[in-house]
$ cat target-v6.cif   # mmCIF, C-alpha atoms
data_my_file
#
loop_
_atom_site.label_atom_id
_atom_site.label_comp_id
_atom_site.auth_asym_id
_atom_site.auth_seq_id
_atom_site.Cartn_x
_atom_site.Cartn_y
_atom_site.Cartn_z
CA MET A 1 -57.20 -105.99 -234.65
CA SER A 2 -55.80 -103.68 -231.95
CA GLU A 3 -58.11 -102.87 -229.02
CA SER A 4 -56.28 -99.63 -228.17
CA PRO A 5 -57.46 -96.44 -229.90
CA LEU A 6 -53.89 -95.13 -229.73
CA PRO A 7 -51.06 -96.25 -232.02
CA HIS A 8 -48.59 -98.75 -230.55
CA PRO A 9 -45.16 -97.07 -230.24
CA PRO A 10 -42.41 -99.46 -231.40
CA LEU A 11 -40.43 -99.24 -228.13
CA GLY A 12 -40.01 -103.00 -227.84
CA GLU A 13 -38.77 -103.28 -231.42
CA PHE A 14 -36.35 -100.41 -230.75
CA ALA A 15 -34.94 -102.20 -227.67
CA ASP A 16 -34.64 -105.44 -229.68
CA LYS A 17 -32.73 -103.68 -232.48
CA ALA A 18 -30.51 -101.91 -229.94
CA VAL A 19 -29.55 -105.26 -228.37
CA ASP A 20 -28.79 -106.72 -231.83
CA TRP A 21 -26.71 -103.65 -232.74
CA ILE A 22 -24.66 -103.85 -229.54
CA LYS A 23 -24.04 -107.57 -230.02
CA GLN A 24 -22.93 -107.17 -233.66
CA THR A 25 -20.93 -103.96 -233.14
CA MET A 26 -19.02 -104.70 -229.93
CA PRO A 27 -18.33 -108.45 -229.71
CA GLU A 28 -14.77 -107.95 -228.40
CA LEU A 29 -15.95 -105.63 -225.62
CA LEU A 30 -18.72 -108.03 -224.59
CA GLN A 31 -16.29 -110.96 -224.59
CA GLY A 32 -13.83 -108.95 -222.51
CA ILE A 33 -16.51 -108.09 -219.93
CA GLN A 34 -17.64 -111.73 -219.84
CA ASP A 35 -14.10 -113.03 -219.33
CA THR A 36 -13.32 -110.41 -216.67
CA PHE A 37 -16.38 -111.09 -214.54
CA ASN A 38 -16.12 -114.86 -214.91
CA THR A 39 -12.43 -114.81 -213.94
CA ALA A 40 -12.95 -112.39 -211.02
CA SER A 41 -15.85 -114.40 -209.59
CA GLU A 42 -14.09 -117.75 -210.00
CA THR A 43 -10.88 -116.42 -208.46
CA LEU A 44 -12.70 -114.94 -205.47
CA THR A 45 -14.59 -118.21 -205.01
CA ASP A 46 -11.26 -120.06 -204.98
CA VAL A 47 -9.93 -117.63 -202.36
CA LEU A 48 -12.99 -118.11 -200.16
CA MET A 49 -12.66 -121.89 -200.54
CA PHE A 50 -8.89 -121.91 -199.91
CA LEU A 51 -9.27 -122.48 -196.18
CA PRO A 52 -11.45 -125.23 -194.71
CA ALA A 53 -15.07 -124.22 -194.25
CA LEU A 54 -14.92 -124.22 -190.43
CA VAL A 55 -11.81 -122.02 -190.44
CA MET A 56 -13.49 -119.55 -192.81
CA ALA A 57 -16.55 -119.50 -190.55
CA VAL A 58 -14.26 -118.48 -187.67
CA VAL A 59 -12.64 -115.82 -189.88
CA PHE A 60 -16.07 -114.38 -190.69
CA ALA A 61 -16.95 -114.44 -186.98
CA LEU A 62 -13.73 -112.56 -186.12
CA LEU A 63 -14.60 -109.95 -188.75
CA ALA A 64 -18.06 -109.62 -187.19
CA PHE A 65 -16.47 -109.20 -183.73
CA VAL A 66 -14.04 -106.55 -184.97
CA VAL A 67 -16.67 -104.32 -186.61
CA ARG A 68 -19.83 -105.06 -184.61
CA SER A 69 -20.01 -107.20 -181.43
CA TRP A 70 -19.19 -110.57 -179.88
CA LYS A 71 -22.91 -111.41 -179.84
CA PHE A 72 -23.11 -110.98 -183.61
CA ALA A 73 -19.92 -113.05 -183.93
CA ILE A 74 -21.66 -115.93 -182.16
CA PHE A 75 -24.59 -115.61 -184.57
CA VAL A 76 -22.17 -115.72 -187.51
CA VAL A 77 -20.55 -118.90 -186.18
CA ILE A 78 -23.95 -120.56 -185.77
CA GLY A 79 -25.24 -119.34 -189.14
CA MET A 80 -22.15 -120.33 -191.09
CA GLY A 81 -22.09 -123.65 -189.25
CA LEU A 82 -25.67 -124.23 -190.37
CA ILE A 83 -24.71 -123.56 -194.00
CA ILE A 84 -21.82 -126.03 -193.68
CA SER A 85 -24.05 -128.66 -192.09
CA MET A 86 -26.56 -128.30 -194.96
CA GLU A 87 -23.67 -128.95 -197.41
CA LEU A 88 -24.24 -125.59 -199.10
CA TRP A 89 -20.86 -124.03 -198.34
CA LEU A 90 -19.52 -124.04 -201.93
CA LEU A 91 -22.78 -122.62 -203.28
CA ALA A 92 -22.81 -119.97 -200.55
CA MET A 93 -19.23 -118.92 -201.35
CA GLN A 94 -20.09 -118.76 -205.08
CA THR A 95 -23.01 -116.49 -204.27
CA LEU A 96 -20.88 -114.38 -201.93
CA ALA A 97 -18.16 -114.04 -204.59
CA MET A 98 -20.66 -112.97 -207.26
CA VAL A 99 -22.32 -110.44 -204.95
CA LEU A 100 -18.97 -108.99 -203.81
CA VAL A 101 -17.71 -108.59 -207.40
CA ALA A 102 -20.97 -106.98 -208.49
CA THR A 103 -21.04 -104.74 -205.40
CA LEU A 104 -17.45 -103.60 -205.96
CA VAL A 105 -18.15 -102.61 -209.56
CA ALA A 106 -21.49 -101.00 -208.66
CA VAL A 107 -19.87 -98.94 -205.88
CA ILE A 108 -16.97 -97.88 -208.16
CA ILE A 109 -19.58 -96.52 -210.60
CA ALA A 110 -22.17 -95.26 -208.09
CA ILE A 111 -20.02 -93.16 -205.75
CA PRO A 112 -18.40 -90.92 -208.43
CA VAL A 113 -21.77 -90.50 -210.17
CA GLY A 114 -23.40 -89.66 -206.81
CA ILE A 115 -20.69 -87.08 -206.08
CA LEU A 116 -21.18 -85.48 -209.51
CA ALA A 117 -24.95 -85.42 -208.94
CA ALA A 118 -24.42 -83.73 -205.56
CA LYS A 119 -22.14 -81.11 -207.14
CA SER A 120 -24.28 -80.38 -210.21
CA ARG A 121 -28.04 -79.95 -210.36
CA THR A 122 -27.94 -80.70 -214.11
CA VAL A 123 -26.27 -84.06 -213.53
CA SER A 124 -28.74 -84.76 -210.72
CA ALA A 125 -31.69 -83.99 -213.02
CA ILE A 126 -30.30 -86.44 -215.60
CA VAL A 127 -29.32 -89.20 -213.18
CA ARG A 128 -32.50 -89.22 -211.07
CA PRO A 129 -34.92 -90.54 -213.76
CA ILE A 130 -32.30 -93.08 -214.87
CA CYS A 131 -32.13 -94.36 -211.27
CA ASP A 132 -35.93 -94.50 -211.15
CA PHE A 133 -35.91 -96.58 -214.33
CA LEU A 134 -33.20 -98.95 -213.08
CA GLN A 135 -34.88 -99.50 -209.73
CA THR A 136 -38.46 -99.97 -210.91
CA MET A 137 -37.86 -102.13 -213.98
CA PRO A 138 -38.64 -105.77 -213.02
CA ALA A 139 -35.39 -107.58 -212.30
CA LEU A 140 -36.16 -110.47 -214.64
CA VAL A 141 -36.23 -108.07 -217.60
CA TYR A 142 -32.48 -107.47 -217.19
CA LEU A 143 -31.76 -111.16 -217.64
CA VAL A 144 -33.00 -111.28 -221.26
CA PRO A 145 -30.37 -108.98 -222.82
CA VAL A 146 -27.51 -110.11 -220.53
CA VAL A 147 -28.03 -113.72 -221.62
CA ILE A 148 -27.82 -112.60 -225.24
CA PHE A 149 -24.64 -110.64 -224.51
CA PHE A 150 -22.84 -112.95 -222.10
CA SER A 151 -24.39 -116.44 -222.48
CA ILE A 152 -24.75 -118.19 -219.09
CA GLY A 153 -22.55 -118.34 -215.98
CA TYR A 154 -21.24 -115.70 -213.58
CA ALA A 155 -21.03 -112.83 -216.08
CA PRO A 156 -24.75 -112.33 -216.84
CA GLY A 157 -25.56 -112.58 -213.13
CA VAL A 158 -22.90 -110.03 -212.21
CA VAL A 159 -23.96 -107.56 -214.93
CA ALA A 160 -27.66 -107.86 -214.09
CA THR A 161 -26.85 -107.39 -210.40
CA ILE A 162 -24.75 -104.28 -211.10
CA ILE A 163 -27.54 -102.67 -213.13
CA PHE A 164 -30.23 -103.60 -210.62
CA ALA A 165 -28.33 -102.65 -207.45
CA MET A 166 -26.44 -99.51 -208.53
CA ALA A 167 -29.22 -96.92 -208.13
CA PRO A 168 -29.36 -96.79 -204.28
CA GLY A 169 -25.60 -96.26 -204.17
CA ILE A 170 -25.93 -93.20 -206.43
CA ARG A 171 -28.93 -91.78 -204.56
CA LEU A 172 -27.47 -92.15 -201.05
CA THR A 173 -24.04 -90.86 -202.07
CA GLU A 174 -25.70 -87.73 -203.47
CA LEU A 175 -27.79 -87.40 -200.31
CA GLY A 176 -24.77 -87.94 -198.04
CA ILE A 177 -22.81 -85.13 -199.77
CA ARG A 178 -25.76 -82.75 -199.91
CA GLN A 179 -26.72 -83.13 -196.25
CA VAL A 180 -23.32 -81.98 -194.98
CA ASP A 181 -23.79 -78.72 -193.08
CA SER A 182 -23.23 -75.81 -195.47
CA GLU A 183 -21.57 -73.73 -192.72
CA THR A 184 -18.92 -76.42 -192.30
CA VAL A 185 -18.25 -76.38 -196.03
CA GLU A 186 -18.09 -72.56 -196.02
CA ALA A 187 -15.60 -72.69 -193.15
CA GLY A 188 -13.42 -75.00 -195.24
CA GLN A 189 -13.65 -72.57 -198.16
CA ALA A 190 -12.79 -69.66 -195.86
CA PHE A 191 -9.55 -71.42 -194.89
CA GLY A 192 -8.65 -71.67 -198.57
CA GLY A 193 -9.58 -75.33 -199.13
CA THR A 194 -9.99 -76.40 -202.74
CA GLY A 195 -13.01 -78.31 -203.95
CA GLY A 196 -11.11 -81.59 -203.83
CA GLN A 197 -9.76 -80.91 -200.34
CA ILE A 198 -13.23 -80.02 -199.02
CA LEU A 199 -14.67 -83.14 -200.63
CA ARG A 200 -12.00 -85.45 -199.16
CA GLY A 201 -11.61 -83.72 -195.81
CA ILE A 202 -15.17 -82.62 -194.97
CA GLN A 203 -17.95 -83.89 -197.21
CA LEU A 204 -16.93 -87.53 -197.64
CA PRO A 205 -16.06 -88.13 -193.93
CA LEU A 206 -19.24 -86.42 -192.69
CA GLY A 207 -21.38 -88.12 -195.34
CA LEU A 208 -19.78 -91.54 -194.77
CA PRO A 209 -22.66 -93.06 -192.70
CA THR A 210 -25.17 -92.24 -195.45
CA ILE A 211 -22.79 -93.40 -198.18
CA MET A 212 -22.24 -96.68 -196.31
CA ALA A 213 -26.01 -97.07 -196.05
CA GLY A 214 -26.04 -96.85 -199.85
CA VAL A 215 -23.31 -99.50 -200.11
CA ASN A 216 -25.34 -101.65 -197.74
CA GLN A 217 -28.39 -101.27 -199.98
CA VAL A 218 -26.32 -102.22 -203.03
CA ILE A 219 -25.25 -105.43 -201.27
CA MET A 220 -28.77 -106.32 -200.18
CA LEU A 221 -30.20 -105.75 -203.65
CA GLY A 222 -27.32 -107.79 -205.05
CA LEU A 223 -28.28 -110.70 -202.82
CA SER A 224 -31.92 -110.38 -203.83
CA MET A 225 -30.73 -110.62 -207.43
CA ALA A 226 -28.77 -113.81 -206.64
CA VAL A 227 -31.90 -115.94 -207.00
CA MET A 228 -32.78 -114.25 -210.29
CA ALA A 229 -29.26 -114.90 -211.54
CA GLY A 230 -29.91 -118.61 -211.02
CA PHE A 231 -32.30 -118.44 -213.98
CA VAL A 232 -29.38 -117.61 -216.29
CA GLY A 233 -27.14 -120.35 -214.93
CA ALA A 234 -25.13 -118.27 -212.46
CA PRO A 235 -23.58 -120.67 -209.90
CA GLY A 236 -24.61 -120.37 -206.28
CA LEU A 237 -27.58 -120.63 -203.98
CA GLY A 238 -29.86 -118.96 -206.53
CA LYS A 239 -29.28 -121.81 -208.97
CA GLU A 240 -30.20 -124.26 -206.19
CA VAL A 241 -33.45 -122.36 -205.57
CA VAL A 242 -34.28 -122.42 -209.27
CA ALA A 243 -33.55 -126.17 -209.39
CA ALA A 244 -35.83 -126.70 -206.38
CA LEU A 245 -38.54 -124.72 -208.14
CA GLY A 246 -38.22 -126.93 -211.22
CA THR A 247 -38.51 -130.15 -209.23
CA VAL A 248 -40.99 -128.78 -206.63
CA ASP A 249 -38.49 -129.73 -203.90
CA VAL A 250 -39.56 -127.74 -200.85
CA ALA A 251 -36.70 -128.95 -198.62
CA LYS A 252 -33.96 -128.02 -201.10
CA GLY A 253 -35.55 -124.65 -201.82
CA PHE A 254 -35.96 -123.81 -198.13
CA GLU A 255 -32.37 -124.71 -197.23
CA ALA A 256 -30.93 -122.71 -200.14
CA GLY A 257 -33.20 -119.77 -199.27
CA LEU A 258 -32.10 -119.98 -195.63
CA GLY A 259 -28.46 -119.86 -196.76
CA ILE A 260 -29.18 -116.63 -198.68
CA VAL A 261 -30.87 -115.15 -195.59
CA ILE A 262 -27.82 -115.94 -193.40
CA LEU A 263 -25.47 -114.37 -195.94
CA ALA A 264 -27.75 -111.33 -196.19
CA ILE A 265 -27.79 -110.81 -192.41
CA PHE A 266 -24.01 -111.22 -192.20
CA LEU A 267 -23.33 -108.72 -194.99
CA ASP A 268 -26.03 -106.29 -193.85
CA ARG A 269 -24.94 -106.09 -190.21
CA THR A 270 -21.22 -106.09 -191.05
CA THR A 271 -21.32 -103.34 -193.67
CA GLY A 272 -23.87 -101.39 -191.62
CA ALA A 273 -21.44 -101.32 -188.69
CA VAL A 274 -18.58 -99.82 -190.73
CA GLY A 275 -18.07 -96.15 -189.87
CA GLN A 276 -20.15 -96.37 -186.69
CA GLU A 277 -19.23 -96.61 -183.01
CA ASN A 278 -20.30 -100.03 -181.74
CA LYS A 279 -19.76 -100.53 -178.01
CA GLY A 280 -19.40 -104.29 -178.25
CA SER A 281 -16.95 -104.38 -181.15
CA LEU A 282 -13.31 -105.31 -180.73
CA ALA A 283 -12.22 -102.16 -182.56
CA THR A 284 -14.13 -99.96 -180.11
CA MET A 285 -12.74 -101.87 -177.13
CA LEU A 286 -9.17 -101.41 -178.35
CA ARG A 287 -9.74 -97.70 -179.01
CA GLY A 288 -11.19 -97.33 -175.50
CA ARG A 289 -8.16 -99.04 -173.94
CA ARG A 290 -5.76 -96.84 -175.93
CA LYS A 291 -7.61 -93.71 -174.80
CA ALA A 292 -7.61 -94.89 -171.17
CA ALA A 293 -3.89 -95.69 -171.33
CA ALA A 294 -3.13 -92.30 -172.87
CA LYS A 295 -5.22 -90.55 -170.21
CA LYS A 296 -3.47 -92.47 -167.43
CA ALA A 297 -0.03 -91.69 -168.85
CA LYS A 298 -0.93 -88.00 -169.09
CA ALA A 299 -2.14 -87.99 -165.50
CA GLN A 300 1.09 -89.67 -164.30
CA ALA A 301 3.19 -87.16 -166.25
CA THR A 302 1.45 -84.14 -164.70
CA ALA A 303 1.21 -85.52 -161.12
CA PRO A 304 4.91 -84.97 -160.05
CA GLU A 305 4.83 -81.40 -161.34
CA THR A 306 1.69 -80.69 -159.33
CA ASP A 307 3.18 -82.31 -156.20
CA SER A 308 6.41 -80.31 -156.50
CA GLU A 309 4.47 -77.07 -156.97
CA GLU A 310 2.40 -77.78 -153.85
CA THR A 311 5.57 -78.63 -151.84
CA GLU A 312 7.25 -75.42 -152.96
CA LYS A 313 4.23 -73.35 -151.93
CA ALA A 314 4.17 -75.09 -148.53
CA LEU A 315 7.86 -74.30 -147.93
CA GLN A 316 7.36 -70.65 -148.90
CA GLY A 317 4.45 -70.45 -146.45
CA ALA A 318 6.60 -71.90 -143.62
CA HIS A 319 9.27 -69.23 -144.16
#
$ encode --input "target-v6.cif" --output "structure tokens"
Amino acid sequence: MSESPLPHPPLGEFADKAVDWIKQTMPELLQGIQDTFNTASETLTDVLMFLPALVMAVVFALLAFVVRSWKFAIFVVIGMGLIISMELWLLAMQTLAMVLVATLVAVIIAIPVGILAAKSRTVSAIVRPICDFLQTMPALVYLVPVVIFFSIGYAPGVVATIIFAMAPGIRLTELGIRQVDSETVEAGQAFGGTGGQILRGIQLPLGLPTIMAGVNQVIMLGLSMAVMAGFVGAPGLGKEVVAALGTVDVAKGFEAGLGIVILAIFLDRTTGAVGQENKGSLATMLRGRRKAAAKKAKAQATAPETDSEETEKALQGAH
């Protein structure tokens, strides 16, 4: 006998029937999505594993130096070296591939939706509660339907990660567009700029730091979902953590968890540095040298003219 005085709405039964309907109605679409995500993740893993692990660690360190600083590059070398020494390199690259594929798809969906939400209050009113639902629903709940749709492997992990991580990308893209100074936008309109030109030339560049913060959040949530994806057989460090949980192996679980932390710091600091001026980065150093060289060349070009003018004035004074 029910203890609640209110009737039980059949929401769970509705969700169950909806999952059955999707599976029976769109098997080709589901198979296509499964094949696409499995192929993309496996191909990217092969690319990341193409070079020897130590060489790839140096490549990652160079990337860190270019966008952030030489100090962070040293950390990346040490961190990646630790992953290699723990014999977790393949699992780490599988996790990285899955997160990058899921992030790419999530960003491709999130940024246009965020732009639409920034342009239209109606779209914003519709999207906002959906984002609330996606962000607050427990992550494990997403794994139940994706296993039914896509079996086990990369695909369910990628789809669950996309759904779980997409909301911050939408929210921060909308915020980044909305917070652009209205007077700047009006100035663009006064010069005859179309909506597309103002978006590409003013709103997106000025809102880029906030939009990149959204991309960064998508990546971090994707990594947090990597462990959950291990429950549905997705390859990578998450699967190692789940295996350690099943065998109560503290050492294996700690090492796999540490690998996820190193990847998270690498991705967080690297993506967070994009679009910002970092004094210690190689890109900033090269820009500074180019500016100094241009300034010096300009000074050398104007110096003879100034000297000749001063000489001419001196001669006129003597006469």
$ resolve_selection --input "target-v6.cif" --expression "the PyMOL selection byres ((chain A and resi 61) around 10)" --output "PyMOL selection string"
chain A and resi 55-60+62-66+69-80+266
$ write_last_selection --input "target-v6.cif" --atoms "C-alpha atoms" --output "short mmCIF file (atom, residue, chain, number, x, y, z; two decimals), in the frame of the given file"
data_model
loop_
_atom_site.label_atom_id
_atom_site.label_comp_id
_atom_site.auth_asym_id
_atom_site.auth_seq_id
_atom_site.Cartn_x
_atom_site.Cartn_y
_atom_site.Cartn_z
CA VAL A 55 -11.81 -122.02 -190.44
CA MET A 56 -13.49 -119.55 -192.81
CA ALA A 57 -16.55 -119.50 -190.55
CA VAL A 58 -14.26 -118.48 -187.67
CA VAL A 59 -12.64 -115.82 -189.88
CA PHE A 60 -16.07 -114.38 -190.69
CA LEU A 62 -13.73 -112.56 -186.12
CA LEU A 63 -14.60 -109.95 -188.75
CA ALA A 64 -18.06 -109.62 -187.19
CA PHE A 65 -16.47 -109.20 -183.73
CA VAL A 66 -14.04 -106.55 -184.97
CA SER A 69 -20.01 -107.20 -181.43
CA TRP A 70 -19.19 -110.57 -179.88
CA LYS A 71 -22.91 -111.41 -179.84
CA PHE A 72 -23.11 -110.98 -183.61
CA ALA A 73 -19.92 -113.05 -183.93
CA ILE A 74 -21.66 -115.93 -182.16
CA PHE A 75 -24.59 -115.61 -184.57
CA VAL A 76 -22.17 -115.72 -187.51
CA VAL A 77 -20.55 -118.90 -186.18
CA ILE A 78 -23.95 -120.56 -185.77
CA GLY A 79 -25.24 -119.34 -189.14
CA MET A 80 -22.15 -120.33 -191.09
CA PHE A 266 -24.01 -111.22 -192.20
#
$ residues_around --input "target-v6.cif" --residues "Ala110 of chain A" --least-positions-apart "4" --cutoff "8 Å" --atoms "all atoms listed in the file" --output "PDB file with C-alpha atoms, keeping the file's coordinate frame"
ATOM      1  CA  ALA A 106     -21.490-101.000-208.660  1.00  0.00           C
ATOM      2  CA  GLY A 114     -23.400 -89.660-206.810  1.00  0.00           C
ATOM      3  CA  MET A 166     -26.440 -99.510-208.530  1.00  0.00           C
ATOM      4  CA  ALA A 167     -29.220 -96.920-208.130  1.00  0.00           C
ATOM      5  CA  GLY A 169     -25.600 -96.260-204.170  1.00  0.00           C
ATOM      6  CA  ILE A 170     -25.930 -93.200-206.430  1.00  0.00           C
ATOM      7  CA  THR A 173     -24.040 -90.860-202.070  1.00  0.00           C
TER       8      THR A 173
END
$ resolve_selection --input "target-v6.cif" --expression "the PyMOL selection byres ((chain A and resi 140-142) around 9)" --output "VMD selection string"
chain A and resid 137 to 139 143 to 147 159 to 161 163 to 164 228 to 229 231
$ write_last_selection --input "target-v6.cif" --atoms "C-alpha atoms" --output "PDB file, in the coordinates of the input"
ATOM      1  CA  MET A 137     -37.860-102.130-213.980  1.00  0.00           C
ATOM      2  CA  PRO A 138     -38.640-105.770-213.020  1.00  0.00           C
ATOM      3  CA  ALA A 139     -35.390-107.580-212.300  1.00  0.00           C
ATOM      4  CA  LEU A 143     -31.760-111.160-217.640  1.00  0.00           C
ATOM      5  CA  VAL A 144     -33.000-111.280-221.260  1.00  0.00           C
ATOM      6  CA  PRO A 145     -30.370-108.980-222.820  1.00  0.00           C
ATOM      7  CA  VAL A 146     -27.510-110.110-220.530  1.00  0.00           C
ATOM      8  CA  VAL A 147     -28.030-113.720-221.620  1.00  0.00           C
ATOM      9  CA  VAL A 159     -23.960-107.560-214.930  1.00  0.00           C
ATOM     10  CA  ALA A 160     -27.660-107.860-214.090  1.00  0.00           C
ATOM     11  CA  THR A 161     -26.850-107.390-210.400  1.00  0.00           C
ATOM     12  CA  ILE A 163     -27.540-102.670-213.130  1.00  0.00           C
ATOM     13  CA  PHE A 164     -30.230-103.600-210.620  1.00  0.00           C
ATOM     14  CA  MET A 228     -32.780-114.250-210.290  1.00  0.00           C
ATOM     15  CA  ALA A 229     -29.260-114.900-211.540  1.00  0.00           C
ATOM     16  CA  PHE A 231     -32.300-118.440-213.980  1.00  0.00           C
TER      17      PHE A 231
END
$ closest_residue --input "target-v6.cif" --among "A:Val261, A:Leu237, A:Ala297, A:Val250" --to "Leu88 of chain A" --atoms "all atoms listed in the file"
A:Leu237
$ closest_atom_pairs --input "target-v6.cif" --of "segment 185-258 of chain A" --to "segment 96-105 of chain A" --cutoff "10 Å" --atoms "only C-alpha atoms" --output "tab-separated table"
residue	atom	partner	partner_atom	distance
A:Val215	CA	A:Thr103	CA	7.8
A:Asn216	CA	A:Thr103	CA	9.3
A:Gln217	CA	A:Thr103	CA	9.8
A:Val218	CA	A:Thr103	CA	6.3
A:Ile219	CA	A:Thr103	CA	5.9
A:Met220	CA	A:Val99	CA	9.0
A:Leu221	CA	A:Val99	CA	9.3
A:Gly222	CA	A:Val99	CA	5.7
A:Leu223	CA	A:Val99	CA	6.3
A:Ser224	CA	A:Val99	CA	9.7
A:Met225	CA	A:Val99	CA	8.8
A:Ala226	CA	A:Val99	CA	7.5
A:Ala229	CA	A:Met98	CA	9.8
A:Ala234	CA	A:Met98	CA	8.7
A:Pro235	CA	A:Met98	CA	8.6
A:Gly236	CA	A:Leu96	CA	8.3
A:Leu237	CA	A:Leu96	CA	9.4
$ atom_distance --input "target-v6.cif" --atom1 "atom CA of Pro168 of chain A" --atom2 "atom CA of Leu11 of chain A"
26.4 Å
$ atom_distance --input "target-v6.cif" --atom1 "atom CA of Leu286 of chain A" --atom2 "atom CA of Pro52 of chain A"
29.0 Å
$ closest_residue --input "target-v6.cif" --among "A:Val185, A:Ala301, A:Ile152, A:Leu6" --to "Asn38 of chain A" --atoms "only C-alpha atoms"
A:Ile152
$ atom_distance --input "target-v6.cif" --atom1 "atom CA of Ala273 of chain A" --atom2 "atom CA of Pro112 of chain A"
22.5 Å
$ closest_residue --input "target-v6.cif" --among "A:Ala15, A:Trp89, A:Arg68, A:Arg178" --to "Arg121 of chain A" --atoms "only C-alpha atoms"
A:Arg178
$ closest_atom_pairs --input "target-v6.cif" --of "segment 108-181 of chain A" --to "segment 21-31 of chain A" --cutoff "8 Å" --atoms "all atoms listed in the file" --output "CSV"
residue,atom,partner,partner_atom,distance
A:Ile148,CA,A:Lys23,CA,7.9
A:Phe149,CA,A:Lys23,CA,6.3
A:Phe150,CA,A:Leu30,CA,6.9
$ closest_residue --input "target-v6.cif" --among "A:Ile265, A:Met285, A:Ala299, A:Ile33" --to "Ser151 of chain A" --atoms "only C-alpha atoms"
A:Ile33
$ closest_residue --input "target-v6.cif" --among "A:Ser85, A:Ala92, A:Ala125, A:Pro156" --to "Gln34 of chain A" --atoms "all atoms listed in the file"
A:Pro156
$ closest_residue --input "target-v6.cif" --among "A:Leu82, A:Ile198, A:Thr39, A:Val47" --to "Ile262 of chain A" --atoms "all atoms listed in the file"
A:Leu82
$ residues_around --input "target-v6.cif" --residues "Ala251 of chain A" --least-positions-apart "6" --cutoff "12 Å" --atoms "all atoms listed in the file" --output "list in words"
Met86, Glu240, Val241, Ala243, Ala244, Leu245, Gly257 and Leu258 of chain A
$ write_last_selection --input "target-v6.cif" --atoms "C-alpha atoms" --output "PDB file, in the frame of the given file"
ATOM      1  CA  MET A  86     -26.560-128.300-194.960  1.00  0.00           C
ATOM      2  CA  GLU A 240     -30.200-124.260-206.190  1.00  0.00           C
ATOM      3  CA  VAL A 241     -33.450-122.360-205.570  1.00  0.00           C
ATOM      4  CA  ALA A 243     -33.550-126.170-209.390  1.00  0.00           C
ATOM      5  CA  ALA A 244     -35.830-126.700-206.380  1.00  0.00           C
ATOM      6  CA  LEU A 245     -38.540-124.720-208.140  1.00  0.00           C
ATOM      7  CA  GLY A 257     -33.200-119.770-199.270  1.00  0.00           C
ATOM      8  CA  LEU A 258     -32.100-119.980-195.630  1.00  0.00           C
TER       9      LEU A 258
END
$ residues_around --input "target-v6.cif" --residues "Arg128 of chain A" --least-positions-apart "5" --cutoff "10 Å" --atoms "all atoms listed in the file" --output "ChimeraX atom specification"
/A:117,123,133-134,167,170-171
$ write_last_selection --input "target-v6.cif" --atoms "C-alpha atoms" --output "mmCIF file, keeping the file's coordinate frame"
data_model
loop_
_atom_site.group_PDB
_atom_site.id
_atom_site.type_symbol
_atom_site.label_atom_id
_atom_site.label_comp_id
_atom_site.auth_asym_id
_atom_site.auth_seq_id
_atom_site.Cartn_x
_atom_site.Cartn_y
_atom_site.Cartn_z
ATOM 1 C CA ALA A 117 -24.950 -85.420 -208.940
ATOM 2 C CA VAL A 123 -26.270 -84.060 -213.530
ATOM 3 C CA PHE A 133 -35.910 -96.580 -214.330
ATOM 4 C CA LEU A 134 -33.200 -98.950 -213.080
ATOM 5 C CA ALA A 167 -29.220 -96.920 -208.130
ATOM 6 C CA ILE A 170 -25.930 -93.200 -206.430
ATOM 7 C CA ARG A 171 -28.930 -91.780 -204.560
#
